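Structure, as structure tokens:
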Amino acid sequence: MAVTLELSLLLAQLETLGAIGAEGPGRGRTRIALTDAEKAGRDQLVVWMRELDLIVEVDQLGNIFGSLPAATEQGDREPLMIGSHIDTVRSAGALDGCYGVLAGLAVLRAFRAAGIAPARRLVVAAFTNEEGVRYQPDMMGSLVYAGGLAIDDALASRGTDGSRLGDELARIGYAGDAPCGFLTPWAFLELHIEQGPVLEAAGARLGVVRGVQGISWQRITLKGEANHAGTAPMAFRHDAGYGAAATVAFLREQITKAAPGTTLATVGSLTLAPDVINVVPEQATFTVDLRDPDEAQLAAAEAKLDHFLDALAKAEGLTVHTEQLVRFSPVAFHAGLRKRIRAAAEASGEAPLELTSGAGHDAQMMARIAPSAMIFVPSIKGISHNPEEATDPADLALGAEVLLRVVEDCLAVPLGEAP
Ligand code: HGY
Ligand code: MN
Ligand code: MN
């Protein structure tokens, strides 16, 4: 019996999940990790997994796994895992992460509906705190799962709201028993929207992802001196607000515009204290997100920023405190799996585009413990992390079909052989 996807159900589930944490018309949804809204999303996913009679397992960091057992014990020991995340940034789109998890669920549903026990255990995974908005680092669930961060350190991490991750995990009822890393995938696949403009600009409907660029997150605190906005002469000021603004300008002018122009810099969060209209800011706390596909370029950008901050501190009489929140080097995905993705895309009649991911993904962490690869579909206007995030439903369907083809291709690899 052929294995076919129920595409209308996939689109309907994306809509249902997208309504959880909705903020109102045009304002997207917010399901920040371990909040009540995210718990509601988790609960809904578990209901869908149980409807398929999957084996549902939750690990110590709340990563959720739904498994369709293999036809043989050996097949169970060589699981093929399809995963992503269902937590979101603030006022997010409905597709980031969710598309990959629900398309994975659709693949398992197709095998279940056909009454086929697959040659390998098929697992769909939803990793905790991929976005890293409340607790850093991002991709935390897959990072711990892949052994890149100790579970106790993750559980002890403090959120931007002062909460302790482990307490919140227990509060929402997802502090599971399974040890992180309890299932080592034979291979890991992630289907995701591109979240950028590359595929759309090239007129390509499918992307074969070479890998993920390097990511550096820092939280920087500048301390100066509060003073009266009306009496403090400009030359006497130690203005932390000016320091932050000068840093934002430096990042744009001196780093991202410098050759070869591959480095991206973002100051996404900035708070001033005491944050009142007639007081020279005493303190500025802001985050710097630097990315580059080339490790040496990323390191050079970090060094340039360090040097700039030193000079700024001297010139303005400020102190600088820098906290490294995330540092991931660029990751290349598995060549064999990328070949399978390319072949599946071509078999669907599409010429896929090779590209490097600008966004971080769980696959970049899972690549530490298993052959991993990603499939992209286009984002309309290249917009993401925004309620406007959208992908043509025909492209969502195509991406899921290609995922199924790649899974079937992988299942045809004899047990004991590499992907
Ligand atoms: O930041 C990222 O690239 C991902 O969305 N966590
Ligand atoms: Mn994502
Ligand atoms: Mn994201």
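Residues in the structure tokens are numbered from 1 in each chain, the chains being A, B, ... in the order shown, and ligands are numbered from 1 in the order shown.
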Open item on the list: as a PyMOL selection string, please: every protein or nucleic acid residue near ligand 1 (cut-off 8 Å, counting only C-alpha atoms and all ligand atoms).
Closed with: chain A and resi 89+96+130-132+138-139+215+358-361+385
Task: 8 Å contact set for Ser384 (chain A), only C-alpha atoms, chain neighbours under 4 positions out, as number ranges by chain - done: A: 92-93, 96, 195-196, 379, 388-390
Task: Counting only C-alpha atoms, the residue of A:Ala229, A:Ala235, A:Ala19, A:Val331 that sits nearest Ala363 (chain A) - done: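 Using only C-alpha atoms, the shortest distance to Ala363 (chain A) belongs to A:Val331.
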Open item on the list: As an exercise, work out the distance from CA of Gly399 (chain A) to CA of Ala119 (chain A) in Å and give it to one decimal place.
Closed with: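 Rounded to one decimal, the two atoms are 22.6 Å apart.
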Would you pick out the contacts of Phe333 (chain A) at 9 Å or less, using only C-alpha atoms, so that residues sharing its chain but fewer than 4 positions from it are not included, and give the list as an mmCIF file with N, CA, C and O atoms, in the first residue's frame?
```cif
data_model
loop_
_atom_site.group_PDB
_atom_site.id
_atom_site.type_symbol
_atom_site.label_atom_id
_atom_site.label_comp_id
_atom_site.auth_asym_id
_atom_site.auth_seq_id
_atom_site.Cartn_x
_atom_site.Cartn_y
_atom_site.Cartn_z
ATOM 1 N N VAL A 209 20.022 22.479 2.187
ATOM 2 C CA VAL A 209 20.800 23.369 3.063
ATOM 3 C C VAL A 209 22.211 22.817 3.258
ATOM 4 O O VAL A 209 22.391 21.687 3.711
ATOM 5 N N ARG A 210 23.196 23.629 2.869
ATOM 6 C CA ARG A 210 24.607 23.189 2.999
ATOM 7 C C ARG A 210 24.970 23.043 4.479
ATOM 8 O O ARG A 210 25.666 22.148 4.911
ATOM 9 N N GLY A 211 24.484 24.015 5.267
ATOM 10 C CA GLY A 211 24.832 24.031 6.698
ATOM 11 C C GLY A 211 24.278 25.304 7.314
ATOM 12 O O GLY A 211 23.476 26.003 6.695
ATOM 13 N N VAL A 212 24.737 25.612 8.520
ATOM 14 C CA VAL A 212 24.238 26.784 9.244
ATOM 15 C C VAL A 212 25.411 27.697 9.571
ATOM 16 O O VAL A 212 26.486 27.218 9.944
ATOM 17 N N LEU A 337 23.081 12.782 2.943
ATOM 18 C CA LEU A 337 21.659 13.157 3.111
ATOM 19 C C LEU A 337 21.300 14.309 2.178
ATOM 20 O O LEU A 337 20.201 14.353 1.616
ATOM 21 N N ARG A 338 22.252 15.221 2.004
ATOM 22 C CA ARG A 338 21.970 16.349 1.092
ATOM 23 C C ARG A 338 21.743 15.818 -0.326
ATOM 24 O O ARG A 338 20.856 16.287 -1.046
ATOM 25 N N ALA A 363 18.849 21.180 13.860
ATOM 26 C CA ALA A 363 19.684 20.255 13.066
ATOM 27 C C ALA A 363 21.169 20.575 13.248
ATOM 28 O O ALA A 363 22.019 19.678 13.190
ATOM 29 N N GLN A 364 21.470 21.857 13.500
ATOM 30 C CA GLN A 364 22.896 22.206 13.641
ATOM 31 C C GLN A 364 23.458 21.609 14.923
ATOM 32 O O GLN A 364 24.641 21.316 15.017
ATOM 33 N N ALA A 367 23.622 17.634 14.450
ATOM 34 C CA ALA A 367 24.748 17.231 13.581
ATOM 35 C C ALA A 367 25.958 16.811 14.411
ATOM 36 O O ALA A 367 26.876 16.172 13.904
ATOM 37 N N PRO A 371 24.275 12.031 11.486
ATOM 38 C CA PRO A 371 24.203 12.646 10.155
ATOM 39 C C PRO A 371 22.908 13.452 10.081
ATOM 40 O O PRO A 371 21.833 12.924 10.397
ATOM 41 N N SER A 372 23.027 14.723 9.738
ATOM 42 C CA SER A 372 21.859 15.616 9.780
ATOM 43 C C SER A 372 21.804 16.463 8.522
ATOM 44 O O SER A 372 22.845 16.774 7.929
ATOM 45 N N ALA A 373 20.580 16.830 8.157
ATOM 46 C CA ALA A 373 20.403 17.698 6.981
ATOM 47 C C ALA A 373 19.048 18.383 7.058
ATOM 48 O O ALA A 373 18.187 17.977 7.850
ATOM 49 N N MET A 374 18.900 19.443 6.233
ATOM 50 C CA MET A 374 17.676 20.240 6.257
ATOM 51 C C MET A 374 17.143 20.462 4.856
ATOM 52 O O MET A 374 17.914 20.550 3.891
#
```
Open item on the list: Considering only C-alpha atoms and all ligand atoms, can you say which of A:Pro69, A:Gly317, A:Gly100, A:Gly214 comes closest to ligand 3?
Closed with: A:Gly100
